[in-house]
Amino acid sequence: MHPRMTSRVAALVMTIALLPAIASAQTKIEPGWNLFSTNDDVQIGQQSAAQAEAQLPILNDSQVTDYVNRIGAKLAANAGGPNFPYRFKVVNASDINAFALPGGPIYVNRGVLDQAKNEGEVAGVLAHEIAHVALRHGTHQASKSYGAQAGISILGGLLGGKIGQNTANILNTVGGIGLNALFLKYSRDLETQADVRGSQILAASGYSPVDMVNFFHTLESVDKSKKTNWLSDHPAPPDRVARIQKESQLLKVSANPTTNVAELNTVKNRLRGMGNAPVMGQIAGTTANTSSTARPSRGGTTSAINVEAPSSTMRTYAPPSGVYQISYPSNWRVYQQGNLAATIAPEGGVGDINGKSEVVYGAILNHYSPFNSGSRSYLRGTTGSSNVTLQNATNDLLGQITQSSPHLKLVSSSGQQFNLDGRTALAASLRGTNPNTGIQERVTVVTRQLGDEHLVYLLFITPEKDASRYSPVLQAMVNSMRVDETQRH
């Protein structure tokens, strides 16, 4: 993994698998940084679904549920990404809304079925929610929220609080499981991703992206008393319809809407026979746990930190991915996370300080996807090159680091250019007083670009007072570094 914090310090890029029939045309989507594994998504979703269903009136009608599940299963077969166990349920609420939880649970309000004009419009809503799951937006947002609080140590796999802190503690920090706002409300950028990926899912499943557009038009004419929460919970980018239409052109699929209405009309008749459904505001207990609770930061100074002098003998470390290898002092320890991230530090060089893991002495290595959000879209076209230079990518990384750790400032005239394993590399230093430890620290950033414009980077951290003394260790580690671009990252 690699960083992209709420302040946008980014992560391991995972390109969504393309569907063979349209792989050459559709927009590629790069999901953002995620602390959680796909198995974590499934577990979080299951636990959250149990809490949600204890609060929501689930419609237990086999004919209605089977209708939604049949459409959902057809779409989920073309979701791409992780093989999540998708399942679909109907909430007996008249609000026009739907939501997805991590790992597969998807809920659609009865109001969607009441107002949809045909099967394609129902499919458009479900495809959008499936896209949120496939792109792992819920746990991505939870990761960003946690990352904003965890500090620079998170860049190398130290998950705050304690080394190896479990996912439950991370989730508790950002609001817990259940109907957490991080799983329910997304930024406009993430909504655009879900629109585009949802359009692709529709096209691959025999529907048309115009079905999604038509549901938006349906919402425009709905009585406002129906409380169309779909729009408030899913903030629309200004060019939402235009972006979906553009994707439809890239996919080269029919612009004709799906006209299957017979089965939907049967479902509507069945729902009318059940009487009126309440709106969500009338359903007790649905407001619990819907906002994230940030952990307050606590400043302070540390007691004296003493570490053993670096050994002159070296060991070699390579992550499971094999993308890089590096030598390090033999009396230092490796803290590995995932296939790429690692923190390498002396005993006592990292620890729990005021509830946060801090790297006081050590090195962090990882992979970075530049411009993964904000100044560049997550959405990348399939033709042409984005021409991200090493300098641009490094500036982006430095910007993300200083946004997540604002006490760090770039040291003027610290930039260097040199050769690292056959390619140009850059180095620059930042320094500042860490508000959690009270230590003035120096962070040296070393970057080397890969063939796909991503970076392999090293952050070398010491107290400012010891920067010169540890300079030979940094130099030895950089000189030893090797990069294998044939390996997947």
# chains A, B, ... in the order shown; residues from 1 in each chain; ligands from 1
>>> select_by_dssp(residues="segment 48-125 of chain A", states="alpha helix (DSSP H)", output="PyMOL selection string")
chain A and resi 48-55+62-76+110-115+119-125
>>> write_last_selection(atoms="C-alpha atoms", output="CSV table (one decimal), in the first residue's frame")
chain,number,residue,atom,x,y,z
A,48,SER,CA,-22.4,-3.0,9.3
A,49,ALA,CA,-25.3,-4.7,7.5
A,50,ALA,CA,-26.3,-6.5,10.7
A,51,GLN,CA,-26.5,-3.1,12.5
A,52,ALA,CA,-28.3,-1.4,9.6
A,53,GLU,CA,-30.9,-4.1,9.4
A,54,ALA,CA,-31.6,-3.8,13.1
A,55,GLN,CA,-32.5,-0.2,12.5
A,62,SER,CA,-40.0,-12.6,-2.0
A,63,GLN,CA,-41.4,-11.3,-5.3
A,64,VAL,CA,-40.1,-7.8,-4.8
A,65,THR,CA,-36.8,-8.9,-3.4
A,66,ASP,CA,-36.3,-11.5,-6.1
A,67,TYR,CA,-36.9,-8.8,-8.8
A,68,VAL,CA,-34.2,-6.6,-7.3
A,69,ASN,CA,-31.8,-9.5,-6.8
A,70,ARG,CA,-32.2,-10.7,-10.3
A,71,ILE,CA,-31.2,-7.3,-11.7
A,72,GLY,CA,-28.5,-6.8,-9.1
A,73,ALA,CA,-26.9,-10.2,-9.7
A,74,LYS,CA,-26.8,-9.6,-13.5
A,75,LEU,CA,-25.0,-6.3,-12.9
A,76,ALA,CA,-22.7,-7.6,-10.2
A,110,ARG,CA,-39.0,1.1,-2.0
A,111,GLY,CA,-39.3,4.7,-3.3
A,112,VAL,CA,-36.9,3.9,-6.1
A,113,LEU,CA,-39.2,1.1,-7.3
A,114,ASP,CA,-42.2,3.3,-6.9
A,115,GLN,CA,-40.8,6.0,-9.1
A,119,GLU,CA,-36.2,-1.8,-15.4
A,120,GLY,CA,-33.3,0.1,-16.8
A,121,GLU,CA,-33.7,2.9,-14.4
A,122,VAL,CA,-33.7,0.5,-11.5
A,123,ALA,CA,-30.5,-1.0,-13.0
A,124,GLY,CA,-29.0,2.4,-13.2
A,125,VAL,CA,-29.4,3.0,-9.5
>>> residues_around(residues="His217 of chain A", least_positions_apart="6", cutoff="12 Å", atoms="only C-alpha atoms", output="number ranges by chain")
A: 115-117, 121, 210-211, 231, 240-241
>>> closest_atom_pairs(of="segment 416-467 of chain A", to="segment 351-358 of chain A", cutoff="12 Å", atoms="only C-alpha atoms", output="tab-separated table")
residue	atom	partner	partner_atom	distance
A:Asn434	CA	A:Glu358	CA	9.6
A:Pro435	CA	A:Asn354	CA	10.7
A:Asn436	CA	A:Asn354	CA	7.0
A:Thr437	CA	A:Ile353	CA	7.0
A:Gly438	CA	A:Ile353	CA	10.6
A:Ile439	CA	A:Glu358	CA	10.9
A:Glu441	CA	A:Glu358	CA	11.3
A:Ile461	CA	A:Glu358	CA	10.3
A:Thr462	CA	A:Glu358	CA	11.2
A:Pro463	CA	A:Glu358	CA	12.0
>>> residues_around(residues="Met477 of chain A", least_positions_apart="6", cutoff="10 Å", atoms="only C-alpha atoms", output="PyMOL selection string")
chain A and resi 314+316+325-329+363+458+460+471
>>> write_last_selection(atoms="C-alpha atoms", output="PDB file, in the first residue's frame")
ATOM      1  CA  MET A 314      23.894  -4.674   6.524  1.00  0.00           C
ATOM      2  CA  THR A 316      18.805  -6.870   2.573  1.00  0.00           C
ATOM      3  CA  GLN A 325      15.160  -4.243  -2.494  1.00  0.00           C
ATOM      4  CA  ILE A 326      17.293  -2.290  -0.089  1.00  0.00           C
ATOM      5  CA  SER A 327      20.054  -2.866   2.461  1.00  0.00           C
ATOM      6  CA  TYR A 328      19.709  -1.630   6.042  1.00  0.00           C
ATOM      7  CA  PRO A 329      21.689  -1.811   9.303  1.00  0.00           C
ATOM      8  CA  ALA A 363      13.085   4.734   6.999  1.00  0.00           C
ATOM      9  CA  LEU A 458      12.011   6.346   0.621  1.00  0.00           C
ATOM     10  CA  PHE A 460      14.356   8.789   5.993  1.00  0.00           C
ATOM     11  CA  SER A 471      23.636  10.786   6.801  1.00  0.00           C
TER      12      SER A 471
END
>>> atom_distance(atom1="atom CA of Leu126 of chain A", atom2="atom CA of Arg197 of chain A")
11.7 Å
>>> atom_distance(atom1="atom CA of Asn306 of chain A", atom2="atom CA of Ala341 of chain A")
25.3 Å
>>> select_by_dssp(residues="segment 302-337 of chain A", states="strand (DSSP E or B)", output="list of chain:residue names")
A:Met314, A:Arg315, A:Thr316, A:Tyr317, A:Tyr324, A:Gln325, A:Ile326, A:Ser327, A:Tyr328, A:Pro329, A:Trp332, A:Arg333, A:Val334, A:Tyr335, A:Gln336, A:Gln337
>>> write_last_selection(atoms="C-alpha atoms", output="CSV table (one decimal), in the first residue's frame")
chain,number,residue,atom,x,y,z
A,314,MET,CA,23.9,-4.7,6.5
A,315,ARG,CA,21.0,-6.9,5.7
A,316,THR,CA,18.8,-6.9,2.6
A,317,TYR,CA,15.0,-6.5,2.5
A,324,TYR,CA,12.4,-3.0,-4.8
A,325,GLN,CA,15.2,-4.2,-2.5
A,326,ILE,CA,17.3,-2.3,-0.1
A,327,SER,CA,20.1,-2.9,2.5
A,328,TYR,CA,19.7,-1.6,6.0
A,329,PRO,CA,21.7,-1.8,9.3
A,332,TRP,CA,17.3,-2.4,12.6
A,333,ARG,CA,13.9,-4.1,12.4
A,334,VAL,CA,11.4,-4.3,9.5
A,335,TYR,CA,7.7,-3.6,10.0
A,336,GLN,CA,6.0,-4.8,6.8
A,337,GLN,CA,2.5,-4.0,5.6
>>> atom_distance(atom1="atom CA of Leu59 of chain A", atom2="atom CA of Val279 of chain A")
13.8 Å
>>> residues_around(residues="segment 79-81 of chain A", least_positions_apart="5", cutoff="12 Å", atoms="only C-alpha atoms", output="PDB file with N, CA and C atoms, in the first residue's frame")
ATOM      1  N   MET A  14      -4.780   0.321  -7.847  1.00  0.00           N
ATOM      2  CA  MET A  14      -5.346  -0.952  -8.278  1.00  0.00           C
ATOM      3  C   MET A  14      -6.243  -0.646  -9.459  1.00  0.00           C
ATOM      4  N   THR A  15      -5.796  -0.947 -10.693  1.00  0.00           N
ATOM      5  CA  THR A  15      -6.612  -0.659 -11.857  1.00  0.00           C
ATOM      6  C   THR A  15      -7.710  -1.693 -11.964  1.00  0.00           C
ATOM      7  N   ILE A  16      -8.935  -1.213 -12.103  1.00  0.00           N
ATOM      8  CA  ILE A  16     -10.075  -2.113 -12.190  1.00  0.00           C
ATOM      9  C   ILE A  16      -9.969  -2.975 -13.442  1.00  0.00           C
ATOM     10  N   ALA A  17     -10.253  -4.262 -13.292  1.00  0.00           N
ATOM     11  CA  ALA A  17     -10.188  -5.178 -14.419  1.00  0.00           C
ATOM     12  C   ALA A  17     -11.209  -4.774 -15.467  1.00  0.00           C
ATOM     13  N   LEU A  18     -10.774  -4.750 -16.722  1.00  0.00           N
ATOM     14  CA  LEU A  18     -11.651  -4.342 -17.798  1.00  0.00           C
ATOM     15  C   LEU A  18     -12.405  -5.538 -18.355  1.00  0.00           C
ATOM     16  N   LEU A  19     -13.597  -5.269 -18.815  1.00  0.00           N
ATOM     17  CA  LEU A  19     -14.404  -6.320 -19.405  1.00  0.00           C
ATOM     18  C   LEU A  19     -13.971  -6.510 -20.849  1.00  0.00           C
ATOM     19  N   PRO A  20     -13.761  -7.727 -21.297  1.00  0.00           N
ATOM     20  CA  PRO A  20     -13.160  -7.968 -22.608  1.00  0.00           C
ATOM     21  C   PRO A  20     -13.878  -7.268 -23.750  1.00  0.00           C
ATOM     22  N   ALA A  23     -12.974  -3.397 -23.329  1.00  0.00           N
ATOM     23  CA  ALA A  23     -11.735  -3.002 -22.679  1.00  0.00           C
ATOM     24  C   ALA A  23     -10.998  -1.918 -23.442  1.00  0.00           C
ATOM     25  N   LYS A  28     -10.451   4.059 -17.771  1.00  0.00           N
ATOM     26  CA  LYS A  28      -9.858   3.291 -16.681  1.00  0.00           C
ATOM     27  C   LYS A  28      -9.995   4.082 -15.385  1.00  0.00           C
ATOM     28  N   ILE A  29     -10.288   3.377 -14.318  1.00  0.00           N
ATOM     29  CA  ILE A  29     -10.487   4.018 -13.023  1.00  0.00           C
ATOM     30  C   ILE A  29      -9.488   3.461 -12.026  1.00  0.00           C
ATOM     31  N   GLU A  30      -8.819   4.353 -11.317  1.00  0.00           N
ATOM     32  CA  GLU A  30      -7.828   3.955 -10.332  1.00  0.00           C
ATOM     33  C   GLU A  30      -8.357   4.266  -8.934  1.00  0.00           C
ATOM     34  N   PRO A  31      -8.802   3.252  -8.205  1.00  0.00           N
ATOM     35  CA  PRO A  31      -9.295   3.509  -6.847  1.00  0.00           C
ATOM     36  C   PRO A  31      -8.211   4.094  -5.959  1.00  0.00           C
ATOM     37  N   THR A  38      -9.355  -6.557   1.074  1.00  0.00           N
ATOM     38  CA  THR A  38     -10.685  -6.856   0.542  1.00  0.00           C
ATOM     39  C   THR A  38     -11.467  -7.756   1.502  1.00  0.00           C
ATOM     40  N   GLY A  72     -29.732  -7.073  -9.790  1.00  0.00           N
ATOM     41  CA  GLY A  72     -28.462  -6.840  -9.119  1.00  0.00           C
ATOM     42  C   GLY A  72     -27.423  -7.890  -9.434  1.00  0.00           C
ATOM     43  N   ALA A  73     -27.828  -9.159  -9.458  1.00  0.00           N
ATOM     44  CA  ALA A  73     -26.883 -10.246  -9.742  1.00  0.00           C
ATOM     45  C   ALA A  73     -26.344 -10.137 -11.163  1.00  0.00           C
ATOM     46  N   LYS A  74     -27.201  -9.746 -12.082  1.00  0.00           N
ATOM     47  CA  LYS A  74     -26.779  -9.575 -13.478  1.00  0.00           C
ATOM     48  C   LYS A  74     -25.715  -8.483 -13.591  1.00  0.00           C
ATOM     49  N   TYR A  86     -21.945  -9.860  -3.421  1.00  0.00           N
ATOM     50  CA  TYR A  86     -23.009  -8.860  -3.487  1.00  0.00           C
ATOM     51  C   TYR A  86     -24.352  -9.463  -3.080  1.00  0.00           C
ATOM     52  N   GLY A 103     -17.911  -4.221   0.783  1.00  0.00           N
ATOM     53  CA  GLY A 103     -17.867  -5.667   0.622  1.00  0.00           C
ATOM     54  C   GLY A 103     -19.085  -6.326   0.026  1.00  0.00           C
ATOM     55  N   GLY A 104     -20.150  -5.575  -0.318  1.00  0.00           N
ATOM     56  CA  GLY A 104     -21.241  -6.206  -1.043  1.00  0.00           C
ATOM     57  C   GLY A 104     -22.673  -5.914  -0.692  1.00  0.00           C
ATOM     58  N   LEU A 126     -28.826   0.628  -9.166  1.00  0.00           N
ATOM     59  CA  LEU A 126     -28.047  -0.480  -8.606  1.00  0.00           C
ATOM     60  C   LEU A 126     -26.617  -0.485  -9.136  1.00  0.00           C
ATOM     61  N   ALA A 127     -26.433  -0.184 -10.428  1.00  0.00           N
ATOM     62  CA  ALA A 127     -25.089  -0.172 -11.008  1.00  0.00           C
ATOM     63  C   ALA A 127     -24.221   0.888 -10.342  1.00  0.00           C
ATOM     64  N   HIS A 128     -24.800   2.040 -10.047  1.00  0.00           N
ATOM     65  CA  HIS A 128     -24.061   3.103  -9.358  1.00  0.00           C
ATOM     66  C   HIS A 128     -23.603   2.622  -7.977  1.00  0.00           C
ATOM     67  N   GLU A 129     -24.483   1.954  -7.242  1.00  0.00           N
ATOM     68  CA  GLU A 129     -24.116   1.470  -5.905  1.00  0.00           C
ATOM     69  C   GLU A 129     -23.093   0.332  -5.987  1.00  0.00           C
ATOM     70  N   ILE A 130     -23.248  -0.548  -6.954  1.00  0.00           N
ATOM     71  CA  ILE A 130     -22.266  -1.620  -7.148  1.00  0.00           C
ATOM     72  C   ILE A 130     -20.891  -1.027  -7.414  1.00  0.00           C
ATOM     73  N   ALA A 131     -20.853   0.053  -8.190  1.00  0.00           N
ATOM     74  CA  ALA A 131     -19.574   0.698  -8.486  1.00  0.00           C
ATOM     75  C   ALA A 131     -18.910   1.213  -7.217  1.00  0.00           C
ATOM     76  N   HIS A 132     -19.690   1.780  -6.300  1.00  0.00           N
ATOM     77  CA  HIS A 132     -19.105   2.224  -5.027  1.00  0.00           C
ATOM     78  C   HIS A 132     -18.450   1.059  -4.293  1.00  0.00           C
ATOM     79  N   VAL A 133     -19.083  -0.107  -4.317  1.00  0.00           N
ATOM     80  CA  VAL A 133     -18.520  -1.279  -3.639  1.00  0.00           C
ATOM     81  C   VAL A 133     -17.267  -1.762  -4.353  1.00  0.00           C
ATOM     82  N   ALA A 134     -17.368  -1.926  -5.678  1.00  0.00           N
ATOM     83  CA  ALA A 134     -16.238  -2.462  -6.450  1.00  0.00           C
ATOM     84  C   ALA A 134     -15.007  -1.570  -6.346  1.00  0.00           C
ATOM     85  N   LEU A 135     -15.217  -0.250  -6.292  1.00  0.00           N
ATOM     86  CA  LEU A 135     -14.113   0.694  -6.177  1.00  0.00           C
ATOM     87  C   LEU A 135     -13.690   0.927  -4.725  1.00  0.00           C
ATOM     88  N   ARG A 136     -14.379   0.269  -3.791  1.00  0.00           N
ATOM     89  CA  ARG A 136     -14.030   0.265  -2.375  1.00  0.00           C
ATOM     90  C   ARG A 136     -14.057   1.674  -1.778  1.00  0.00           C
ATOM     91  N   ALA A 194     -18.294   6.559  -9.566  1.00  0.00           N
ATOM     92  CA  ALA A 194     -19.396   5.593  -9.533  1.00  0.00           C
ATOM     93  C   ALA A 194     -20.298   5.744 -10.749  1.00  0.00           C
ATOM     94  N   ARG A 197     -18.077   4.179 -13.699  1.00  0.00           N
ATOM     95  CA  ARG A 197     -17.977   2.726 -13.583  1.00  0.00           C
ATOM     96  C   ARG A 197     -19.360   2.091 -13.675  1.00  0.00           C
ATOM     97  N   GLY A 198     -20.379   2.742 -13.108  1.00  0.00           N
ATOM     98  CA  GLY A 198     -21.734   2.231 -13.232  1.00  0.00           C
ATOM     99  C   GLY A 198     -22.195   2.177 -14.671  1.00  0.00           C
ATOM    100  N   SER A 199     -21.814   3.173 -15.467  1.00  0.00           N
ATOM    101  CA  SER A 199     -22.147   3.163 -16.894  1.00  0.00           C
ATOM    102  C   SER A 199     -21.511   1.970 -17.593  1.00  0.00           C
ATOM    103  N   GLN A 200     -20.279   1.661 -17.229  1.00  0.00           N
ATOM    104  CA  GLN A 200     -19.589   0.521 -17.827  1.00  0.00           C
ATOM    105  C   GLN A 200     -20.267  -0.792 -17.441  1.00  0.00           C
ATOM    106  N   ILE A 201     -20.680  -0.882 -16.182  1.00  0.00           N
ATOM    107  CA  ILE A 201     -21.360  -2.090 -15.710  1.00  0.00           C
ATOM    108  C   ILE A 201     -22.686  -2.272 -16.442  1.00  0.00           C
ATOM    109  N   LEU A 202     -23.416  -1.182 -16.602  1.00  0.00           N
ATOM    110  CA  LEU A 202     -24.677  -1.246 -17.343  1.00  0.00           C
ATOM    111  C   LEU A 202     -24.458  -1.762 -18.763  1.00  0.00           C
ATOM    112  N   ALA A 203     -23.480  -1.182 -19.434  1.00  0.00           N
ATOM    113  CA  ALA A 203     -23.228  -1.567 -20.821  1.00  0.00           C
ATOM    114  C   ALA A 203     -22.829  -3.026 -20.935  1.00  0.00           C
ATOM    115  N   ALA A 204     -22.023  -3.505 -20.009  1.00  0.00           N
ATOM    116  CA  ALA A 204     -21.555  -4.897 -20.059  1.00  0.00           C
ATOM    117  C   ALA A 204     -22.653  -5.881 -19.694  1.00  0.00           C
ATOM    118  N   SER A 205     -23.721  -5.363 -19.057  1.00  0.00           N
ATOM    119  CA  SER A 205     -24.799  -6.247 -18.585  1.00  0.00           C
ATOM    120  C   SER A 205     -26.028  -6.211 -19.479  1.00  0.00           C
TER     121      SER A 205
END
>>> closest_residue(among="A:Leu271, A:Val443, A:Leu455, A:Leu426", to="Gly362 of chain A", atoms="only C-alpha atoms")
A:Val443
>>> residues_around(residues="His454 of chain A", least_positions_apart="6", cutoff="7 Å", atoms="only C-alpha atoms", output="MDAnalysis selection string")
chainID A and resid 368:370
>>> closest_residue(among="A:Met280, A:Leu408, A:Ile58, A:Leu365", to="Ile96 of chain A", atoms="only C-alpha atoms")
A:Met280
